[in-house]
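Data block for work_33.cif (mmCIF, C-alpha atoms):
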data_run
#
loop_
_atom_site.label_atom_id
_atom_site.label_comp_id
_atom_site.auth_asym_id
_atom_site.auth_seq_id
_atom_site.Cartn_x
_atom_site.Cartn_y
_atom_site.Cartn_z
CA MET A 22 -51.64 -20.72 -66.86
CA ARG A 23 -55.02 -21.26 -68.47
CA LEU A 24 -54.21 -19.77 -71.83
CA TYR A 25 -52.96 -23.01 -73.37
CA PRO A 26 -56.14 -25.07 -72.97
CA ILE A 27 -58.24 -22.04 -73.91
CA ALA A 28 -56.26 -21.58 -77.12
CA ILE A 29 -56.61 -25.27 -77.99
CA LEU A 30 -60.37 -25.16 -77.59
CA ALA A 31 -60.67 -22.03 -79.68
CA PHE A 32 -58.80 -23.92 -82.42
CA VAL A 33 -61.26 -26.79 -82.22
CA LEU A 34 -64.36 -24.61 -82.30
CA THR A 35 -63.29 -22.34 -85.14
CA GLY A 36 -62.40 -25.19 -87.47
CA CYS A 37 -59.28 -25.86 -89.49
CA SER A 38 -58.06 -27.56 -92.63
CA VAL A 39 -56.22 -30.50 -91.10
CA PHE A 40 -59.20 -32.83 -91.51
CA SER A 41 -59.29 -34.98 -94.61
CA ASP A 42 -62.03 -34.52 -97.18
CA LYS A 43 -65.36 -36.20 -96.54
CA ASP A 44 -64.56 -37.61 -93.11
CA GLY A 45 -67.70 -36.25 -91.44
CA THR A 46 -66.03 -33.17 -89.97
CA GLU A 47 -66.03 -30.99 -93.07
CA PRO A 48 -68.51 -28.09 -93.43
CA MET A 49 -71.73 -29.01 -95.20
CA GLU A 50 -71.76 -27.94 -98.83
CA LEU A 51 -73.89 -24.94 -99.72
CA VAL A 52 -77.47 -25.78 -100.68
CA GLU A 53 -78.65 -24.49 -104.05
CA PHE A 54 -81.95 -22.61 -104.13
CA ASP A 55 -83.83 -19.98 -106.11
CA PRO A 56 -83.63 -16.61 -104.32
CA SER A 57 -87.02 -15.23 -103.32
CA ILE A 58 -85.79 -11.77 -102.29
CA THR A 59 -83.06 -9.31 -103.21
CA VAL A 60 -80.53 -7.85 -100.77
CA GLU A 61 -78.93 -4.47 -101.49
CA GLN A 62 -75.55 -3.28 -100.21
CA LEU A 63 -76.00 0.23 -98.78
CA TRP A 64 -72.32 0.93 -98.23
CA ARG A 65 -68.98 -0.79 -97.77
CA THR A 66 -65.80 0.57 -96.20
CA ASP A 67 -62.47 -0.42 -94.63
CA VAL A 68 -62.10 0.11 -90.88
CA GLY A 69 -58.57 -1.06 -90.25
CA ALA A 70 -56.60 -4.29 -89.87
CA GLY A 71 -59.54 -6.40 -88.73
CA GLN A 72 -59.54 -9.24 -86.22
CA GLY A 73 -55.98 -10.43 -86.68
CA LYS A 74 -54.82 -14.07 -86.66
CA GLY A 75 -55.98 -14.95 -83.15
CA PHE A 76 -59.45 -15.79 -81.93
CA THR A 77 -60.69 -12.30 -81.14
CA ALA A 78 -64.20 -11.20 -82.10
CA LEU A 79 -63.89 -7.42 -81.79
CA THR A 80 -67.48 -6.24 -81.61
CA PRO A 81 -68.71 -2.88 -82.96
CA ALA A 82 -70.93 -0.64 -80.82
CA PHE A 83 -74.02 1.16 -82.12
CA PHE A 84 -75.44 4.38 -80.74
CA GLU A 85 -78.16 6.33 -82.55
CA GLN A 86 -76.78 7.09 -86.05
CA LEU A 87 -73.18 6.21 -85.19
CA VAL A 88 -71.23 2.97 -85.10
CA TYR A 89 -67.83 2.50 -83.49
CA THR A 90 -65.32 -0.18 -84.54
CA VAL A 91 -61.84 -1.15 -83.38
CA ASP A 92 -59.25 -3.42 -84.99
CA HIS A 93 -56.82 -5.74 -83.22
CA LYS A 94 -54.03 -3.13 -83.41
CA GLY A 95 -56.13 -0.48 -81.66
CA GLN A 96 -57.43 1.67 -84.52
CA LEU A 97 -60.74 3.11 -83.33
CA THR A 98 -63.18 4.40 -85.95
CA ALA A 99 -66.48 6.29 -85.63
CA LEU A 100 -68.79 6.09 -88.65
CA ASN A 101 -72.22 7.30 -89.66
CA ARG A 102 -74.06 3.98 -89.80
CA LEU A 103 -76.55 5.23 -92.40
CA THR A 104 -73.90 6.32 -94.93
CA GLY A 105 -70.69 4.56 -93.88
CA LYS A 106 -68.88 7.92 -93.78
CA VAL A 107 -65.96 8.05 -91.33
CA ILE A 108 -66.51 10.75 -88.68
CA TRP A 109 -63.21 10.37 -86.87
CA GLN A 110 -60.42 7.87 -86.23
CA ARG A 111 -57.92 7.41 -83.44
CA ASP A 112 -54.98 5.04 -83.08
CA LEU A 113 -54.77 3.72 -79.52
CA ASP A 114 -51.36 2.12 -80.18
CA GLU A 115 -52.14 -1.04 -78.20
CA PRO A 116 -53.84 -4.37 -78.98
CA ILE A 117 -57.53 -4.51 -78.06
CA ALA A 118 -59.18 -7.72 -76.88
CA GLY A 119 -62.94 -7.52 -76.35
CA GLY A 120 -64.49 -4.91 -78.62
CA VAL A 121 -66.20 -1.56 -78.10
CA GLY A 122 -68.60 -1.05 -75.19
CA LEU A 123 -70.87 1.89 -74.43
CA GLY A 124 -71.32 3.96 -71.30
CA GLU A 125 -73.00 7.32 -70.85
CA ASN A 126 -71.03 9.58 -73.24
CA GLN A 127 -68.23 7.02 -73.11
CA LEU A 128 -66.61 4.36 -75.26
CA LEU A 129 -65.20 1.48 -73.22
CA LEU A 130 -62.41 -0.83 -74.41
CA GLY A 131 -60.21 -3.48 -72.86
CA SER A 132 -56.65 -4.27 -73.89
CA ASP A 133 -54.61 -7.47 -74.17
CA ALA A 134 -52.52 -6.13 -71.29
CA GLY A 135 -55.53 -6.00 -68.96
CA GLN A 136 -56.21 -2.27 -69.05
CA LEU A 137 -59.73 -0.85 -69.22
CA LEU A 138 -60.01 2.43 -71.13
CA ALA A 139 -62.80 4.99 -71.10
CA LEU A 140 -62.85 7.44 -74.02
CA SER A 141 -65.05 10.32 -75.08
CA ARG A 142 -67.81 9.09 -77.38
CA GLU A 143 -67.63 12.34 -79.34
CA THR A 144 -63.87 12.64 -79.93
CA GLY A 145 -62.13 9.45 -78.81
CA GLU A 146 -60.11 11.35 -76.20
CA THR A 147 -58.95 9.17 -73.30
CA LEU A 148 -60.83 9.98 -70.07
CA TRP A 149 -59.21 7.38 -67.80
CA ARG A 150 -57.55 3.97 -67.82
CA THR A 151 -57.35 1.33 -65.08
CA GLN A 152 -55.15 -1.75 -64.80
CA LEU A 153 -57.12 -4.94 -64.08
CA THR A 154 -55.96 -8.42 -63.07
CA GLY A 155 -56.25 -10.14 -66.46
CA GLU A 156 -56.84 -9.76 -70.17
CA VAL A 157 -60.12 -7.97 -70.87
CA THR A 158 -61.94 -10.44 -73.13
CA SER A 159 -65.52 -9.23 -72.63
CA VAL A 160 -67.03 -6.08 -74.07
CA PRO A 161 -67.36 -3.59 -71.18
CA ALA A 162 -70.72 -2.05 -70.27
CA GLY A 163 -71.65 1.18 -68.47
CA ASN A 164 -74.80 2.86 -67.14
CA GLY A 165 -73.43 6.32 -66.32
CA ASP A 166 -72.67 5.47 -62.70
CA VAL A 167 -70.56 2.33 -63.00
CA VAL A 168 -68.67 0.35 -65.61
CA ALA A 169 -68.61 -3.46 -65.54
CA VAL A 170 -66.31 -5.88 -67.34
CA GLN A 171 -65.06 -9.46 -67.01
CA THR A 172 -61.45 -10.53 -67.33
CA LEU A 173 -60.08 -13.85 -68.54
CA ASP A 174 -59.24 -14.91 -64.98
CA GLY A 175 -62.96 -15.03 -64.13
CA ARG A 176 -63.20 -11.75 -62.23
CA LEU A 177 -66.16 -9.42 -62.63
CA ASN A 178 -64.87 -5.86 -62.11
CA VAL A 179 -67.09 -2.87 -61.34
CA LEU A 180 -65.56 0.60 -61.54
CA SER A 181 -66.65 4.19 -61.11
CA ALA A 182 -67.72 5.57 -64.48
CA ASP A 183 -66.30 8.97 -63.55
CA THR A 184 -62.84 8.02 -62.33
CA GLY A 185 -62.18 4.38 -63.25
CA GLU A 186 -61.60 3.51 -59.59
CA ILE A 187 -62.46 -0.11 -58.78
CA MET A 188 -65.52 -0.12 -56.51
CA TRP A 189 -65.89 -3.88 -56.03
CA PHE A 190 -65.17 -7.17 -57.74
CA TYR A 191 -66.45 -10.73 -57.71
CA ASP A 192 -64.06 -13.64 -58.23
CA ASN A 193 -65.40 -16.67 -60.07
CA PRO A 194 -62.30 -18.69 -61.03
CA PRO A 195 -62.88 -20.48 -64.34
CA PRO A 196 -62.62 -24.26 -64.77
CA LYS A 197 -59.45 -25.80 -66.21
CA LEU A 198 -60.85 -25.61 -69.75
CA THR A 199 -63.02 -22.74 -70.98
CA LEU A 200 -64.01 -20.95 -74.14
CA ARG A 201 -61.92 -17.88 -74.86
CA GLY A 202 -63.82 -14.70 -74.09
CA ARG A 203 -66.42 -13.66 -71.58
CA PRO A 204 -69.99 -12.34 -72.02
CA THR A 205 -70.75 -8.65 -71.72
CA PRO A 206 -72.40 -7.79 -68.37
CA ILE A 207 -75.90 -6.33 -68.61
CA LEU A 208 -76.31 -3.15 -66.57
CA THR A 209 -79.50 -1.42 -65.51
CA ASP A 210 -79.96 1.24 -62.83
CA SER A 211 -80.84 -1.39 -60.22
CA ALA A 212 -79.08 -4.60 -61.26
CA LEU A 213 -76.04 -6.08 -62.98
CA TYR A 214 -76.40 -9.46 -64.71
CA ALA A 215 -73.35 -11.57 -65.57
CA GLY A 216 -72.80 -15.08 -66.92
CA PHE A 217 -69.76 -17.13 -65.95
CA ALA A 218 -67.67 -20.01 -67.29
CA ASN A 219 -69.05 -22.37 -64.63
CA GLY A 220 -72.56 -22.12 -66.12
CA ARG A 221 -74.02 -19.68 -63.59
CA LEU A 222 -75.99 -16.54 -64.38
CA MET A 223 -75.91 -14.10 -61.47
CA ALA A 224 -77.55 -10.79 -60.54
CA PHE A 225 -75.77 -8.19 -58.38
CA ASN A 226 -76.50 -4.82 -56.86
CA PRO A 227 -74.27 -2.63 -59.09
CA GLU A 228 -73.44 -0.21 -56.27
CA ASN A 229 -72.06 -2.64 -53.71
CA GLY A 230 -71.81 -6.12 -55.27
CA LEU A 231 -74.55 -7.70 -53.14
CA ILE A 232 -75.68 -10.92 -54.83
CA LEU A 233 -79.39 -10.65 -55.63
CA TRP A 234 -79.82 -14.14 -57.09
CA GLU A 235 -78.04 -16.82 -59.08
CA GLN A 236 -79.29 -19.45 -61.47
CA ARG A 237 -77.66 -22.56 -62.90
CA VAL A 238 -77.90 -22.55 -66.69
CA GLY A 239 -75.57 -25.52 -67.20
CA LEU A 240 -74.47 -28.44 -65.03
CA PRO A 241 -71.10 -30.10 -65.74
CA LYS A 242 -71.41 -33.68 -66.99
CA GLY A 243 -68.97 -36.39 -68.00
CA ARG A 244 -65.44 -37.11 -66.83
CA SER A 245 -63.09 -35.07 -69.00
CA ASP A 246 -62.53 -31.33 -68.71
CA LEU A 247 -64.00 -30.90 -72.19
CA GLU A 248 -67.17 -32.82 -71.32
CA LYS A 249 -67.61 -30.73 -68.17
CA MET A 250 -67.56 -27.38 -69.97
CA VAL A 251 -70.78 -25.37 -69.53
CA ASP A 252 -69.63 -21.83 -70.35
CA ILE A 253 -72.08 -18.99 -70.66
CA HIS A 254 -70.08 -17.40 -73.45
CA ALA A 255 -72.72 -15.27 -75.17
CA THR A 256 -74.20 -12.11 -73.67
CA PRO A 257 -77.74 -12.65 -72.34
CA VAL A 258 -80.65 -10.64 -73.76
CA LEU A 259 -82.92 -8.62 -71.45
CA GLN A 260 -86.37 -7.93 -72.88
CA ASP A 261 -89.66 -7.10 -71.14
CA GLY A 262 -88.39 -8.20 -67.74
CA ILE A 263 -87.11 -11.57 -69.01
CA LEU A 264 -83.48 -12.64 -69.40
CA TYR A 265 -82.77 -15.01 -72.27
CA THR A 266 -79.48 -16.87 -72.09
CA ALA A 267 -77.78 -19.95 -73.52
CA GLY A 268 -74.57 -21.83 -72.85
CA PHE A 269 -72.06 -24.27 -74.28
CA GLN A 270 -73.03 -27.94 -73.70
CA SER A 271 -75.83 -26.52 -71.62
CA ARG A 272 -79.31 -25.05 -72.14
CA ALA A 273 -81.22 -22.10 -73.47
CA MET A 274 -83.35 -20.53 -70.74
CA ALA A 275 -85.83 -17.76 -70.08
CA ILE A 276 -85.38 -16.34 -66.57
CA THR A 277 -87.31 -13.67 -64.70
CA ARG A 278 -85.25 -10.56 -64.17
CA ALA A 279 -86.51 -9.83 -60.66
CA ALA A 280 -86.08 -13.20 -58.95
CA GLY A 281 -84.00 -15.32 -61.33
CA ARG A 282 -86.83 -17.85 -61.67
CA PRO A 283 -86.67 -20.08 -64.77
CA LEU A 284 -89.73 -19.91 -67.01
CA TRP A 285 -88.55 -22.60 -69.43
CA SER A 286 -85.38 -24.30 -70.64
CA VAL A 287 -84.30 -26.48 -73.56
CA ASP A 288 -81.12 -28.52 -73.91
CA LEU A 289 -78.68 -27.22 -76.52
CA SER A 290 -75.09 -26.07 -76.97
CA THR A 291 -74.01 -22.69 -78.31
CA HIS A 292 -71.41 -19.98 -77.83
CA GLN A 293 -73.22 -17.49 -80.07
CA PRO A 294 -75.59 -14.73 -78.88
CA VAL A 295 -79.31 -15.42 -79.12
CA TRP A 296 -81.68 -12.96 -80.81
CA VAL A 297 -85.17 -12.21 -79.48
CA ASP A 298 -87.75 -10.48 -81.66
CA ASP A 299 -91.55 -10.29 -81.60
CA GLY A 300 -92.08 -13.25 -79.30
CA GLU A 301 -89.51 -15.52 -80.96
CA LEU A 302 -86.01 -16.59 -79.95
CA PHE A 303 -83.43 -17.55 -82.57
CA VAL A 304 -80.20 -19.42 -81.83
CA THR A 305 -77.38 -21.09 -83.76
CA THR A 306 -76.18 -24.26 -82.09
CA GLU A 307 -72.60 -25.45 -81.74
CA ASP A 308 -72.94 -27.70 -84.81
CA SER A 309 -74.41 -24.75 -86.78
CA ALA A 310 -78.07 -25.63 -86.81
CA LEU A 311 -80.36 -22.59 -86.80
CA LYS A 312 -83.36 -22.95 -84.48
CA ALA A 313 -86.40 -20.80 -83.73
CA TYR A 314 -88.31 -21.06 -80.45
CA ASN A 315 -91.41 -19.49 -78.98
CA ALA A 316 -89.86 -16.99 -76.54
CA GLY A 317 -92.77 -17.38 -74.12
CA THR A 318 -92.88 -21.17 -73.88
CA GLY A 319 -89.63 -22.56 -75.32
CA GLU A 320 -91.53 -24.54 -77.97
CA LEU A 321 -89.40 -25.35 -81.03
CA LEU A 322 -90.98 -23.66 -84.04
CA TRP A 323 -88.56 -24.82 -86.75
CA LYS A 324 -84.94 -25.68 -87.43
CA ASN A 325 -82.59 -25.45 -90.41
CA GLU A 326 -79.82 -28.07 -90.43
CA GLN A 327 -78.51 -27.36 -93.94
CA MET A 328 -75.43 -25.39 -92.77
CA LEU A 329 -73.94 -27.86 -90.30
CA ARG A 330 -70.30 -27.36 -89.32
CA ARG A 331 -70.08 -24.06 -91.20
CA HIS A 332 -69.36 -22.28 -87.88
CA LEU A 333 -72.23 -19.83 -88.05
CA ILE A 334 -72.21 -16.32 -86.62
CA GLY A 335 -75.59 -14.91 -85.64
CA PRO A 336 -78.54 -15.08 -85.84
CA VAL A 337 -79.88 -11.57 -86.51
CA VAL A 338 -83.44 -10.63 -87.52
CA LEU A 339 -83.89 -8.35 -90.53
CA ASN A 340 -87.55 -7.58 -91.30
CA ASP A 341 -89.17 -10.96 -92.05
CA TYR A 342 -85.86 -12.80 -92.36
CA VAL A 343 -83.12 -14.25 -90.18
CA ALA A 344 -79.49 -13.74 -91.21
CA VAL A 345 -76.42 -15.76 -90.24
CA ALA A 346 -72.83 -15.61 -91.51
CA ASP A 347 -70.37 -18.47 -91.89
CA GLU A 348 -66.59 -18.83 -91.69
CA ASP A 349 -66.23 -18.61 -95.48
CA GLY A 350 -67.75 -15.14 -95.58
CA TYR A 351 -71.23 -16.09 -96.84
CA ILE A 352 -74.28 -14.38 -95.37
CA HIS A 353 -77.41 -16.51 -95.47
CA PHE A 354 -80.93 -15.09 -95.29
CA MET A 355 -83.76 -17.40 -94.19
CA SER A 356 -87.49 -16.85 -93.82
CA ARG A 357 -88.36 -16.36 -90.16
CA ASP A 358 -91.61 -18.27 -90.79
CA ASP A 359 -90.07 -21.66 -91.48
CA GLY A 360 -86.29 -21.24 -91.98
CA HIS A 361 -86.13 -21.83 -95.74
CA PHE A 362 -83.34 -20.10 -97.70
CA ALA A 363 -84.29 -16.80 -99.33
CA TYR A 364 -80.96 -15.26 -100.37
CA ARG A 365 -77.19 -15.64 -100.06
CA LEU A 366 -74.27 -13.30 -100.65
CA ARG A 367 -70.57 -13.28 -99.92
CA LEU A 368 -69.07 -10.31 -98.14
CA ASP A 369 -65.43 -11.37 -97.97
CA ARG A 370 -63.43 -14.60 -98.07
CA SER A 371 -61.84 -13.80 -94.71
CA GLY A 372 -65.12 -14.69 -92.99
CA THR A 373 -66.51 -13.04 -89.89
CA ARG A 374 -66.17 -13.70 -86.15
CA ALA A 375 -67.73 -10.52 -84.74
CA PRO A 376 -71.48 -10.67 -84.02
CA MET A 377 -73.64 -9.03 -86.67
CA TRP A 378 -76.19 -6.35 -85.74
CA SER A 379 -79.53 -5.19 -87.12
CA ASP A 380 -81.86 -2.27 -86.45
CA GLY A 381 -84.67 -4.21 -88.11
CA ASP A 382 -84.20 -2.62 -91.53
CA ARG A 383 -80.41 -2.72 -91.97
CA LEU A 384 -77.89 -5.47 -91.37
CA TYR A 385 -74.31 -4.60 -90.38
CA VAL A 386 -71.48 -7.11 -90.89
CA LEU A 387 -67.79 -6.73 -89.99
CA ALA A 388 -65.48 -9.14 -91.85
CA ASN A 389 -62.31 -10.48 -90.28
CA ASP A 390 -60.11 -8.44 -92.64
CA GLY A 391 -61.69 -5.12 -91.58
CA THR A 392 -64.29 -4.83 -94.35
CA PHE A 393 -67.47 -3.33 -92.89
CA ALA A 394 -70.75 -3.25 -94.80
CA ALA A 395 -74.46 -2.51 -94.41
CA PHE A 396 -77.26 -4.31 -96.24
CA THR A 397 -81.03 -4.07 -96.57
CA ILE A 398 -83.79 -6.16 -98.08
CA GLY A 399 -84.68 -4.88 -101.56
CA ASP A 400 -88.12 -3.71 -102.62
#
Let me see the structure of the file written as C-alpha cells.
Amino acid sequence: MRLYPIAILAFVLTGCSVFSDKDGTEPMELVEFDPSITVEQLWRTDVGAGQGKGFTALTPAFFEQLVYTVDHKGQLTALNRLTGKVIWQRDLDEPIAGGVGLGENQLLLGSDAGQLLALSRETGETLWRTQLTGEVTSVPAGNGDVVAVQTLDGRLNVLSADTGEIMWFYDNPPPKLTLRGRPTPILTDSALYAGFANGRLMAFNPENGLILWEQRVGLPKGRSDLEKMVDIHATPVLQDGILYTAGFQSRAMAITRAAGRPLWSVDLSTHQPVWVDDGELFVTTEDSALKAYNAGTGELLWKNEQMLRRHLIGPVVLNDYVAVADEDGYIHFMSRDDGHFAYRLRLDRSGTRAPMWSDGDRLYVLANDGTFAAFTIGD
C-alpha cells in the first residue's frame, strides 16, 4: 500500500505543533504594516462540515453566477456567488475526496471509495456513477463528450460523459513516495493535458488516448525517496496556447500547447496552483515565498519572503493585488507591482486548504470548517 508514506508526507507539508519554539521550523511571525487599502466582506455563509481532519482540499466549482461546494461528508451545495444565497443542497451520503468538477450541464465528484459521480448541474440529481480502481483524489473535468479524472494509484481515466462508461485509461504508477492528491486534467475539444507524480506533463487525444507529446517538468535527484519526489501536484493553467505548470522539488515551466515545447523554466518547488494574469505568473513556493514572474520570459519580477513556513494557499489575483491565505486563517493582500503588504484579515481560525478563486473583482475563500465568504477591494 502507498497510503502510509503519502499520509506521512502530507503531515510534514501541512505542518504541526510538535516542533519546539524558535527552532527554525516555526512559521514566520506576521509582519506589521499600515494598510493601504480596505477589503469588504460581501457575504459569509456555512456550507457544511468542511474539510474534515484529513488532508483533503475539497475545491469549489464556479460557473457563471453559481458556485458549488461539497464537504467531506458529501453535502453538496449550490449558491449564488454574488449574494451567497443557497439555491439548493443535496446530501450524497458518502465521503468525497477531490472536490467539485464541471462538465457540460454536469457536476463531477469522486468518492473515497473510488466512485466517480455525474450529477445534474441544475438539481444535483445523480445521472450516473462508475467504479474506478482507486480513490478519486483529483477534481474531475469534462468537455461534454468525455470526463477525465486521476485516481490515487496513478491511473488517468477517461469516460463517456453521457453514460460513464470507461473509454480508455493510461497507467502511470506513482513512485514509492508522493504527495496526496492529483492535479485536475485539462480538457479541450482536441486535447487532454495531465500532470503525473513522476514529474511528466503529457498530452493525449481525448477520444482514443493517443499520446500527442510528453514533457519532463521535474527530474528525480538525490538518493532517498523524499529527495526524488518531483510531483506535478497542482493543475496546470492553459492560456493563449501556453501551458503553465510547476512541480514539487522541480521547476515552473511555460510549454507550448501544440507541441509540448518548453519556452522557459525556472527551478522552484511548489504543490500550489500557479495564477497567470495580464502577462504575469504568480506562485507560492514550498517554503511559502510568494514570487512573481514575467509569463513570457520567466524573469523574476519580485518576491515576498515575509510569510515563510506559514503554508500558504494561493496565489490569486484580485484587481491590482495578489491574495494568499495561510494555515492560521489569515488572508494577505499584496501589491502586484512589488509584493508589499496592503491589507490582512482573518476569515477563520480553522485555516484553509482549498484553493481560493477570483473573478478579478471578487475573492472567494472556503475555510476548513465550512465557512465560505466573498470579499472585494473597497473604494
>> For A:Leu113, find every residue with an atom within 8 Å (counting all atoms listed in the file), except residues of its own chain fewer than 5 positions away, and show them as a PyMOL selection string.
In response: chain A and resi 94-97
Where does the PyMOL selection byres ((chain A and resi 102-109) around 10) land in this file, that is, which residues does it pick, as a short mmCIF file (atom, residue, chain, number, x, y, z; two decimals) with C-alpha atoms, keeping the file's coordinate frame?
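Below you can see expr.cif, which holds the result:
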data_model
loop_
_atom_site.label_atom_id
_atom_site.label_comp_id
_atom_site.auth_asym_id
_atom_site.auth_seq_id
_atom_site.Cartn_x
_atom_site.Cartn_y
_atom_site.Cartn_z
CA LEU A 63 -76.00 0.23 -98.78
CA TRP A 64 -72.32 0.93 -98.23
CA ARG A 65 -68.98 -0.79 -97.77
CA THR A 66 -65.80 0.57 -96.20
CA ASP A 67 -62.47 -0.42 -94.63
CA VAL A 68 -62.10 0.11 -90.88
CA PHE A 83 -74.02 1.16 -82.12
CA PHE A 84 -75.44 4.38 -80.74
CA GLU A 85 -78.16 6.33 -82.55
CA GLN A 86 -76.78 7.09 -86.05
CA LEU A 87 -73.18 6.21 -85.19
CA VAL A 88 -71.23 2.97 -85.10
CA TYR A 89 -67.83 2.50 -83.49
CA LEU A 97 -60.74 3.11 -83.33
CA THR A 98 -63.18 4.40 -85.95
CA ALA A 99 -66.48 6.29 -85.63
CA LEU A 100 -68.79 6.09 -88.65
CA ASN A 101 -72.22 7.30 -89.66
CA GLN A 110 -60.42 7.87 -86.23
CA ARG A 111 -57.92 7.41 -83.44
CA GLU A 143 -67.63 12.34 -79.34
CA THR A 144 -63.87 12.64 -79.93
CA GLY A 145 -62.13 9.45 -78.81
CA ARG A 383 -80.41 -2.72 -91.97
CA TYR A 385 -74.31 -4.60 -90.38
CA PHE A 393 -67.47 -3.33 -92.89
CA ALA A 394 -70.75 -3.25 -94.80
CA ALA A 395 -74.46 -2.51 -94.41
#
>> Taking the file as I've supplied it (selection: the PyMOL selection byres ((chain A and resi 332-334) around 6)), which residues are included? Please answer as an MDAnalysis selection string.
In response: chainID A and resid 309 330:331 335 345:348
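Coordinates place atom CA of A:Asp341 at a distance of 20.9 Å from atom CA of A:Glu53.
For the set A:Gly185, A:Gly317, A:Gly399, A:Gly391, the residue with the smallest atom-to-atom gap to A:Gln152 is A:Gly185, counting all atoms listed in the file.
One distance worth recording is that between atom CA of A:Thr266 and atom CA of A:Gln136, which is 27.6 Å.
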> Which residues fall under the PyMOL selection byres ((chain A and resi 204-212) around 6) in this file, as a list in words?
Replying inline: Ser159, Val160, Arg203, Leu213, Tyr214, Ala215, Phe225, Asn226, Pro227, His254, Ala255 and Thr256 of chain A
>> Which residues are near A:Leu366? Cut-off 8 Å, all atoms listed in the file, ignore same chain within fewer than 2 positions. Put them as a PyMOL selection string.
In response: chain A and resi 351-353+364+368
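Among the candidate residues A:Ser245, A:Ser290, A:Asn164, A:Thr158, the one lying nearest to A:Gly124 is A:Asn164, with distances computed using all atoms listed in the file.
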>> I'd like the interatomic distance between atom CA of A:Val343 and atom CA of A:Thr373, to a tenth of an Å.
In response: 16.7 Å
> Residues at most 12 Å from A:Met223, counting all atoms listed in the file, excluding those fewer than 4 positions away in the same chain, as a PyMOL selection string?
Replying inline: chain A and resi 177+191+193+206-207+212-219+227+230-238+253+257+264+266+276-282
>> Set the distance at 9 Å and use only C-alpha atoms: which residues neighbour A:Lys324 once local chain neighbours fewer than 3 positions away are removed? I'd like the list as a list in words.
In response: Ala310, Leu311, Lys312, Ala313, Leu321, Asp359 and Gly360 of chain A
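If you measure from each of A:Ser371, A:Asn340, A:Thr305, A:Thr46 to A:Phe396 using only C-alpha atoms, the closest one turns out to be A:Asn340.
Minimum atom-to-atom distance to A:Gly122, evaluated using only C-alpha atoms, belongs to A:Thr80 out of A:Thr392, A:Ser141, A:Thr80, A:Thr151.
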>> So that I can check the surroundings of A:Gly239, please list as JSON, numbers by chain every protein, DNA and RNA residue that reaches within 9 Å of it, counting all atoms listed in the file and ignoring chain neighbours fewer than 3 positions away.
In response: {"A": [219, 220, 221, 250, 251, 252, 253, 267, 268, 269, 270, 271, 272]}
> Which one of A:Asp92, A:Asp174, A:Glu125, A:Glu50 sits closest to A:Gly69 if you count all atoms listed in the file?
Replying inline: A:Asp92
Taking the structure in the block just given, could you write stretch 289-300 of chain A with N, CA and C atoms, as an mmCIF file, in the first residue's frame?
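Result written to decode_24.cif:
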data_model
loop_
_atom_site.group_PDB
_atom_site.id
_atom_site.type_symbol
_atom_site.label_atom_id
_atom_site.label_comp_id
_atom_site.auth_asym_id
_atom_site.auth_seq_id
_atom_site.Cartn_x
_atom_site.Cartn_y
_atom_site.Cartn_z
ATOM 1 N N LEU A 289 12.175 25.701 -8.918
ATOM 2 C CA LEU A 289 11.460 26.011 -7.682
ATOM 3 C C LEU A 289 10.714 24.761 -7.237
ATOM 4 N N SER A 290 10.097 24.849 -6.047
ATOM 5 C CA SER A 290 9.312 23.739 -5.520
ATOM 6 C C SER A 290 7.988 24.265 -5.015
ATOM 7 N N THR A 291 6.888 23.675 -5.493
ATOM 8 C CA THR A 291 5.559 24.065 -5.037
ATOM 9 C C THR A 291 4.592 22.915 -5.235
ATOM 10 N N HIS A 292 3.532 22.899 -4.420
ATOM 11 C CA HIS A 292 2.410 21.999 -4.681
ATOM 12 C C HIS A 292 1.129 22.800 -4.818
ATOM 13 N N GLN A 293 1.245 24.127 -4.913
ATOM 14 C CA GLN A 293 0.098 25.005 -5.050
ATOM 15 C C GLN A 293 -0.115 25.390 -6.521
ATOM 16 N N PRO A 294 -1.354 25.669 -6.921
ATOM 17 C CA PRO A 294 -1.603 26.125 -8.288
ATOM 18 C C PRO A 294 -0.935 27.477 -8.547
ATOM 19 N N VAL A 295 -0.494 27.678 -9.778
ATOM 20 C CA VAL A 295 0.006 28.989 -10.181
ATOM 21 C C VAL A 295 -1.174 29.810 -10.690
ATOM 22 N N TRP A 296 -0.982 31.128 -10.762
ATOM 23 C CA TRP A 296 -2.014 32.028 -11.277
ATOM 24 C C TRP A 296 -1.379 32.898 -12.348
ATOM 25 N N VAL A 297 -2.000 32.966 -13.516
ATOM 26 C CA VAL A 297 -1.491 33.754 -14.632
ATOM 27 C C VAL A 297 -2.487 34.855 -14.938
ATOM 28 N N ASP A 298 -1.992 36.103 -15.017
ATOM 29 C CA ASP A 298 -2.871 37.235 -15.260
ATOM 30 C C ASP A 298 -2.078 38.363 -15.910
ATOM 31 N N ASP A 299 -2.557 38.830 -17.049
ATOM 32 C CA ASP A 299 -2.008 40.008 -17.718
ATOM 33 C C ASP A 299 -0.492 39.935 -17.872
ATOM 34 N N GLY A 300 -0.015 38.809 -18.372
ATOM 35 C CA GLY A 300 1.401 38.665 -18.680
ATOM 36 C C GLY A 300 2.291 38.372 -17.492
#
